[in-house]
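I have placed the structure first, in the form of structure tokens, so that the comments after it can refer back to it.
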Amino acid sequence: MTRREWIAMISAAPSLRLLHGAPEAPVAPVSIAKCATYDDDVTAKMAAMFDQLGGLDKLVRNKTVTIKVNMTGPPEARFRGLALGLTHYTHPKVVGATAYLLGRAGAKRIRLVESASATAGPLEDVMLNSGWNVRALQSAATGVEFENTNGLGKSKKYARFKFPGAAYMYPEYVMNQAYEDTDVFVSLAKLKNHADCGVTLSLKNCFGCVPASIYGDDAGKDDANEKPTSGRSDVVHFGKRQPAKIAPPELHPKEGMKNAGYRVSRVVADLAVVRPIHLAIIDGVQSTAGGEGPWIRGVRVVKPGVLIAGLNPVCTDAVSAAVMGYNPRAARGTAPFRNADNTLLLGEAHGVGAADLKRIDVRGVSIEQALYRYDV
């Protein structure tokens, strides 16, 4: 263990944070609702959750809101022929309900974003190929737009997000302008496992903000490749090469492990600082356990029947992990973080939010009432 890793570890413990003069990580309430199927009134249930959090009006009225959805993997990668929203994609009904409620609360502009798998083409095309009703999403609220953030997209330049302190992986992250040109950022995730990071929740969902045009396996050496056709394994997951020179190299190329469980968790924690999440929403009506998509051996469909929302991503993910039957403060080597460092604790050490359930105000349905154990 390096000195830097040791400091990060002790910083993750609340009592030691106070001992070393670091303030306690912030907390915010989290709401849980039971929702047996997508045929239920998803909009009404989400509206009740948002009311329990204090309402959306003050957060979004007259503002631009960007919603990062989860569309991991190509549309043709389906589990046993099921609709993607019933397995590893955010369900379009949850996306539509979110857009509608944001519009009703006064948002002036709503942008749906995702770094669509292996392409920088229009996000609408990927959604159509996924079986989504794009027209219905457009009509959910006034001013709904779409942006594939795997490259420049509709922008003329990339936005730069410099880390305001000691980052884990990169001193600056270079991403699509949509992530900067917004007042409110929403992470709309899925309640599922991840082979590398243990869980895919609101924090890990934002790993998709990093464009393959710069951090992808076929990214250019100097400039971005605006026609990426691969993922980010060589650069981000395993550190076999550095990103295109438009972005700075990693801070500690010879330090730590060269595996995704070490690297991706730290990138995700960094991103939560440079691109703060104002509203975290977790679709747990129906999902997958055992991995993030059908390409992971042993993946199975689960039906937790829950929706979760909160105003702090670490707090929301801590409650979500508990609903999945996990200890949100679990150490590496312990379920669900068998192969990874705990992203929630890394985010907590960065001061993003608290993963301590004793400090989090859970509203609506209790964790015990919503419990659905993913490891059986």
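Following the order of the structure tokens, first chain is A, next is B, and so on, with residues numbered from 1 inside each chain and ligands from 1 in the order they appear.
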With DSSP run on the backbone, what are the helix (DSSP H, G or I) residues within stretch 274-332 of chain A? I'd like them as a list of chain:residue names.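 Result set for stretch 274-332 of chain A (helix (DSSP H, G or I)): A:Val274, A:Pro313, A:Val314, A:Cys315, A:Thr316, A:Asp317, A:Ala318, A:Val319, A:Ser320, A:Ala321, A:Ala322, A:Val323.
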Quick one: everything within 10 Å of A:Val352, counting only C-alpha atoms, minus sequence neighbours fewer than 5 positions away in the same chain. Send it as a PyMOL selection string. chain A and resi 24-27+269-270+272-273+276-277+312-315+344-347
Keeping only N, CA, C and O atoms, take the residues you just selected and write them out as a tab-separated table (two decimals), in the first residue's frame.
chain	number	residue	atom	x	y	z
A	24	GLU	N	-16.67	16.73	8.33
A	24	GLU	CA	-17.52	15.60	7.97
A	24	GLU	C	-18.10	15.82	6.58
A	24	GLU	O	-18.46	16.94	6.21
A	25	ALA	N	-18.21	14.73	5.81
A	25	ALA	CA	-18.80	14.83	4.48
A	25	ALA	C	-20.27	15.23	4.60
A	25	ALA	O	-20.96	14.83	5.54
A	26	PRO	N	-20.78	16.00	3.65
A	26	PRO	CA	-22.18	16.46	3.73
A	26	PRO	C	-23.17	15.33	3.54
A	26	PRO	O	-22.86	14.27	2.97
A	27	VAL	N	-24.38	15.57	4.03
A	27	VAL	CA	-25.47	14.60	3.87
A	27	VAL	C	-26.68	15.30	3.30
A	27	VAL	O	-26.82	16.52	3.38
A	269	ALA	N	-14.88	8.73	-8.61
A	269	ALA	CA	-14.86	9.63	-7.45
A	269	ALA	C	-14.39	11.02	-7.84
A	269	ALA	O	-14.92	12.03	-7.36
A	270	ASP	N	-13.39	11.10	-8.73
A	270	ASP	CA	-12.93	12.41	-9.21
A	270	ASP	C	-14.04	13.15	-9.95
A	270	ASP	O	-14.24	14.36	-9.76
A	272	ALA	N	-17.18	13.00	-9.59
A	272	ALA	CA	-18.22	13.51	-8.70
A	272	ALA	C	-17.85	14.86	-8.10
A	272	ALA	O	-18.73	15.59	-7.63
A	273	VAL	N	-16.56	15.20	-8.13
A	273	VAL	CA	-16.10	16.50	-7.65
A	273	VAL	C	-16.14	17.53	-8.77
A	273	VAL	O	-16.68	18.63	-8.61
A	276	PRO	N	-20.31	17.99	-10.31
A	276	PRO	CA	-21.19	17.62	-9.19
A	276	PRO	C	-22.57	17.16	-9.66
A	276	PRO	O	-23.13	17.69	-10.62
A	277	ILE	N	-23.10	16.18	-8.95
A	277	ILE	CA	-24.44	15.65	-9.22
A	277	ILE	C	-25.41	16.32	-8.25
A	277	ILE	O	-25.26	16.21	-7.03
A	312	ASN	N	-27.88	14.00	-2.85
A	312	ASN	CA	-26.43	13.81	-2.75
A	312	ASN	C	-26.12	12.42	-3.28
A	312	ASN	O	-26.70	11.44	-2.83
A	313	PRO	N	-25.19	12.30	-4.25
A	313	PRO	CA	-24.97	11.01	-4.89
A	313	PRO	C	-24.38	9.94	-3.97
A	313	PRO	O	-24.73	8.76	-4.07
A	314	VAL	N	-23.47	10.33	-3.08
A	314	VAL	CA	-22.88	9.34	-2.17
A	314	VAL	C	-23.94	8.83	-1.20
A	314	VAL	O	-24.06	7.62	-0.96
A	315	CYS	N	-24.74	9.73	-0.63
A	315	CYS	CA	-25.82	9.33	0.26
A	315	CYS	C	-26.82	8.43	-0.46
A	315	CYS	O	-27.25	7.39	0.07
A	344	LEU	N	-17.86	4.60	-3.04
A	344	LEU	CA	-18.57	5.47	-2.11
A	344	LEU	C	-17.61	6.06	-1.09
A	344	LEU	O	-17.67	7.26	-0.78
A	345	LEU	N	-16.70	5.24	-0.58
A	345	LEU	CA	-15.73	5.74	0.39
A	345	LEU	C	-14.71	6.67	-0.26
A	345	LEU	O	-14.25	7.63	0.37
A	346	LEU	N	-14.35	6.39	-1.51
A	346	LEU	CA	-13.45	7.29	-2.22
A	346	LEU	C	-14.12	8.65	-2.43
A	346	LEU	O	-13.48	9.70	-2.30
A	347	GLY	N	-15.41	8.64	-2.76
A	347	GLY	CA	-16.15	9.89	-2.90
A	347	GLY	C	-16.29	10.60	-1.58
A	347	GLY	O	-16.19	11.84	-1.50
Taking the backbone alone, and naming residues the way the document does, which bits of stretch 16-238 of chain A are strand (DSSP E) by DSSP, as an MDAnalysis selection string? chainID A and resid 30:34 64:68 109:114 144:148 159:162 172:175 184:190 192:194 198:200
Give one line per residue of stretch 192-286 of chain A that approaches stretch 146-152 of chain A to at most 6 Å, naming the two atoms of the closest pair and their distance in Å to one decimal, counting only C-alpha atoms; sort by chain then ascending residue number and deliver it as CSV.
residue,atom,partner,partner_atom,distance
A:Pro211,CA,A:Asn150,CA,4.2
A:Ala212,CA,A:Asn150,CA,5.4
A:Ser213,CA,A:Gly151,CA,5.2
A:Glu226,CA,A:Gly151,CA,5.6
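For the residues A:Asp361, A:Glu368, A:Asp183, A:Glu114, ranking by smallest atom-to-atom distance to A:Thr316 using only C-alpha atoms places A:Asp361 first.
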Please provide as a PyMOL selection string all residues within 9 Å of stretch 245-262 of chain A, with the sequence filter that same-chain residues fewer than 4 positions apart are discarded (counting only C-alpha atoms). chain A and resi 1-2+5+160+167-174+195-198+214-215+220-224+233+236-240+266+337-342
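Using only C-alpha atoms, the smallest distance between any of A:Val60, A:Ala33, A:Cys209, A:Val306 and A:Val274 comes from A:Cys209.
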Please provide the set of residues having any atom within 7 Å of A:Val323, restricted to only C-alpha atoms, with same-chain residues fewer than 5 positions apart removed, written as a list in words. Ile367, Ala370, Leu371 and Tyr372 of chain A
Using Å and a single decimal, report how far atom CA of A:Ala136 sits from atom CA of A:Ile110.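 Pair atom CA of A:Ile110 / atom CA of A:Ala136 returns 14.0 Å.
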For A:Thr119, please output as an mmCIF file with N, CA and C atoms, in the first residue's frame all residues within 8 Å (counting only C-alpha atoms; exclusion window: fewer than 2 positions along the same chain).
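And here's result_4.cif as it stands now:
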data_model
loop_
_atom_site.group_PDB
_atom_site.id
_atom_site.type_symbol
_atom_site.label_atom_id
_atom_site.label_comp_id
_atom_site.auth_asym_id
_atom_site.auth_seq_id
_atom_site.Cartn_x
_atom_site.Cartn_y
_atom_site.Cartn_z
ATOM 1 N N ALA A 116 -22.820 7.135 -25.936
ATOM 2 C CA ALA A 116 -23.365 5.904 -26.506
ATOM 3 C C ALA A 116 -22.249 4.975 -26.956
ATOM 4 N N SER A 117 -22.462 3.700 -26.775
ATOM 5 C CA SER A 117 -21.431 2.693 -27.009
ATOM 6 C C SER A 117 -20.870 2.727 -28.425
ATOM 7 N N GLY A 121 -22.302 9.111 -33.089
ATOM 8 C CA GLY A 121 -23.454 9.530 -33.868
ATOM 9 C C GLY A 121 -24.560 10.077 -32.992
ATOM 10 N N ASN A 150 -19.987 11.134 -26.463
ATOM 11 C CA ASN A 150 -18.800 10.338 -26.745
ATOM 12 C C ASN A 150 -17.764 11.117 -27.554
ATOM 13 N N LYS A 227 -14.586 9.908 -34.412
ATOM 14 C CA LYS A 227 -15.328 8.732 -34.878
ATOM 15 C C LYS A 227 -14.871 7.499 -34.104
ATOM 16 N N PRO A 228 -15.025 7.520 -32.781
ATOM 17 C CA PRO A 228 -14.557 6.387 -31.976
ATOM 18 C C PRO A 228 -15.388 5.136 -32.240
ATOM 19 N N THR A 229 -14.741 3.995 -32.178
ATOM 20 C CA THR A 229 -15.431 2.720 -32.419
ATOM 21 C C THR A 229 -15.145 1.709 -31.315
ATOM 22 N N SER A 230 -14.528 2.158 -30.215
ATOM 23 C CA SER A 230 -14.194 1.228 -29.137
ATOM 24 C C SER A 230 -14.437 1.874 -27.787
#
Pick from A:Asp283, A:Phe163, A:Thr64, A:Thr142, whichever lies nearest to A:Tyr179 using only C-alpha atoms: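 Looking only at the distances to A:Tyr179, the closest residue turns out to be A:Thr64.
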So, with only C-alpha atoms as the atoms that count, which of A:Pro304, A:Gly231, A:Gly290, A:Gly96 lies closest to A:Thr37?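 Of the candidates, the smallest distance to A:Thr37 is held by A:Pro304.
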Pick from A:Val126, A:Cys206, A:Ala349, A:Ala244, whichever lies nearest to A:Ala166 using only C-alpha atoms: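 For A:Ala166, the nearest of the candidates is A:Ala349.
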Minimum-distance residue to A:Gly165, chosen among A:Pro122, A:Gly351, A:Pro336, A:Pro294 (using only C-alpha atoms): A:Gly351
Give me the residues within 8 Å of A:Arg300 as number ranges by chain, counting only C-alpha atoms and dropping any in the same chain fewer than 2 places off. A: 288-290, 298, 302
Could you please determine the separation between atom CA of A:Ser202 and atom CA of A:Leu311 in Å, to one decimal place? 10.9 Å
